[in-house]
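Participant: Pasting a structure here, questions to come.
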Protein chains: 2
Amino acid sequence: MALYVQKFGGTSVGSVERIEGVADKIQAFRAAGHDIVVVVSAMSGETNRLIALAHQITEEPSPREMDALVSTGEQVTIALLSMALNKRGCPARSYTGWQVRIKTDSAHTKARIQDIDVENMKADLAEGRVVVVAGFQGVDDDGNITTLGRGGSDTTGVALAAALKADECQIYTDVDGVYTTDPRVVPKAQRMSKITFEEMLEMASLGSKVLQIRSVEFAGKYNVPLRVLSTFQDGPGTLITFEDENKMEQPVISGIAFNRDESKLTVMGVPDIPGVASRILGPVSAANIEVDMIVQNISEEGNTDFTFTINRTDFKRVKEILMRVADDLGAREVRGDDKIAKVSIVGVGMRSHAGVASRMFDALAAESINIQLISTSEIKVSVVIEEKYLELAVRALHTAFGLDAVEETN
Amino acid sequence: MALYVQKFGGTSVGSVERIEGVADKIQAFRAAGHDIVVVVSAMSGETNRLIALAHQITEEPSPREMDALVSTGEQVTIALLSMALNKRGCPARSYTGWQVRIKTDSAHTKARIQDIDVENMKADLAEGRVVVVAGFQGVDDDGNITTLGRGGSDTTGVALAAALKADECQIYTDVDGVYTTDPRVVPKAQRMSKITFEEMLEMASLGSKVLQIRSVEFAGKYNVPLRVLSTFQDGPGTLITFEDENKMEQPVISGIAFNRDESKLTVMGVPDIPGVASRILGPVSAANIEVDMIVQNISEEGNTDFTFTINRTDFKRVKEILMRVADDLGAREVRGDDKIAKVSIVGVGMRSHAGVASRMFDALAAESINIQLISTSEIKVSVVIEEKYLELAVRALHTAFGLDAVEETN
């Protein structure tokens, strides 16, 4: 007998048939004696349909009205799923964000959860009901409907699990867990049975888009065990846990993340004096462009080269900004390359193991792959390489760090 | 400077373009200095789309979940209309039923309004905002979403007008007012500038489907002046008022209503003893069939004929019921006719005028139209005739009571 919070995303509830499938799954958990609180997203496509309606009216809809509009998407799903459960003789009750109530601040379209009232849900669970909650939405102090921003249903799930002290928050998606790397690139990639929160954060921000970063942070903060599972096939998924006490048992590297959509820009020959970095990056961030890696090497004759990476779609705009900045700074030249990719090895195990980075560089050198940039954190090492070597690099590293699945022999 | 509650139905807000048109209309009223509270329905087709989703899951969805589901329809409209108003520099704020709050009982799918909290709306009006309220929905004491049943948006409009003591409740529809009869049958039919509540009730129940009966009753109870206008063309519409003090000025007959969907059944030769009517009608009402006119004439030799009319779609079922009842009662025979129509003249003026009925019968006789049944109330006289004479009868009566529009001559 456990209490599970189960979150199903838009694809999992994308049609009446799929909603019936989710109801079957929940019914099986109930039959096994577990208490279930379900969090659902809008049916896939519905949120975009609503946003398109708003944009037919205005490019800048009032955020308060936008939240009132899009929050109807999840409300439709909770009602339909509750009907499907009731039909199965599995008593259920739907709750919108304000009905729970999930109290948030008033930052419309990107509100943050402040408090959750668990009384109604506990009463329903005590009476044997499944509680079906609309993800992604809440209500502020003045009774305005708020939303948590895209992907906010994961956050709702984790927040409910924390408030209810659930045994596990299970995030159902269209993949059956977190893999050591993308199985489309490395067929020998393996599903991890466990991964730590910190590793998950690095994997997520590096492009493994299984979970929203914010929900992972939230789960870490409130010690909520998170599990990623597939809606469409059975299996244990991947459990996201706090760091193991016994580090010795952990592999050095847990997974290999990568990102194809990168481009890099270098301002060459800038004077190596305080304030230069901010004079270069200030105008970039003012244009609302997110910078990923930033690398600056030691100076030569009072001058240095300043390099950073950005999303490839922003390449042209940022290059234009830098041409102006370079002039002001008296820099020698601006160089750019939008045919690069980033590959990272991630693992809490590397903290206690020297030589991880050099093993990475050796593996790449053995394939004659040139490393253009290097950046490290406590639990990851990232390198930038020519894009065309991406698959080769990921496969080489996956093998070098012993992550390949062993062929099954009968 | 007046306070108007304006209700726009599903057709009036059936597309983004039409919502923009409604916003233009409201903006013009604001520019004229009036305070506006708007009530809107779901975009036409949306409620049916949602109901169809529910019925894909189950034929008998739980009423609580049904209300949670369909109430999203109006929520979409209030958000979109508020966006359209804000875009015009006409500040607006949307409210769902629970946000207002419109308190109802817990009779899901057919709840009744118990109380309305006007504080938020008054504060918004004081700050120059247009208040946009979702029709058709409310919230019960336990925070469950309720709906008022089909057509409930009219009721919401009237209830808000009563609670806010508005100067007028304006119901925008796709017709430009209430006519003396159906202009498709009588081209000379005229728009009435005024009609009394009682006449409107008789007109509505007789098939002039301009307004929901319940909202008219509600308006009468709370002395709310109601006006029916067209969303799509300008004009003063028809004002529905309390009975005029000065009856002398009123025409004897205000309008001519009719209903094609009638059928009649007669149980012939039933014993004229107490309890017979209920033994005949009891099984009919037990089958949830609504009876319209009921006529019983004086008895002959201790036997009488008992006749009533019902909707044509129920004809076969009721005939079968009556065959059984007739046996039990020892009645002679059951006769039926499903090719009949009902024509009624309506007017508060007839109370003080004898001879109205006979003028009606004369007019029909002049066209050789036979009257099969007659039924009267204080402000109407209804007759049942052969269906094929319906148009002829309505035109003859329209002329006989002086309702024809005078041809304009230049």
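Each chain in the structure tokens gets a letter, A, B, ..., in the order shown, and its residues are numbered from 1; ligands are numbered from 1 in order too.
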Near Ser41 in chain A, within 12 Å and counting only C-alpha atoms, which residues show up once chain neighbours fewer than 4 positions away are dropped, as a PyMOL selection string?

Facilitator: chain A and resi 6-14+19+45-47+70-81+96-97+132-137+147-157+171-173

Participant: If you run DSSP on the backbone here, which positions in range 73-214 of chain B get helix (DSSP H, G or I)? Please write them as a VMD selection string.

Facilitator: chain B and resid 73 to 87 97 to 100 119 to 126 152 to 164 197 to 205 213 to 214

Participant: Which chain A residues are at most 10 Å from chain B (counting only C-alpha atoms), as number ranges by chain?

Facilitator: A: 15-17, 19-20, 50, 53-87, 92-96, 98-100, 142-145

Participant: Pick out the residues sitting within 9 Å of Thr104 in chain A, and hand them over as number ranges by chain; count only C-alpha atoms, and ignore anything fewer than 5 positions along from it in its own chain.

Facilitator: A: 111-116, 137-141, 146-148

Participant: Check the DSSP output for the backbone and give back, as an NGL selection string, the residues of range 172-262 of chain A in strand (DSSP E).

Facilitator: :A and (172-173 or 194-196 or 226-230 or 238-241 or 255-262)

Participant: Name the residues in contact with range 183-196 of chain B at a cut-off of 7 Å, using only C-alpha atoms, excluding same-chain residues fewer than 6 positions from it; report them as a list in words.

Facilitator: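 In the requested format, the answer is Gly177, Gly237, Thr238, Leu239, Ile240, Thr241, Phe242, Glu243, Glu391, Arg395, Asp404 and Ala405 of chain B.
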
Participant: Which is closer to Ser299 in chain B than all the others in B:Ala400, B:Ile36, B:Val384, B:Met268, using only C-alpha atoms?

Facilitator: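 For Ser299 in chain B, the nearest of the candidates is B:Met268.
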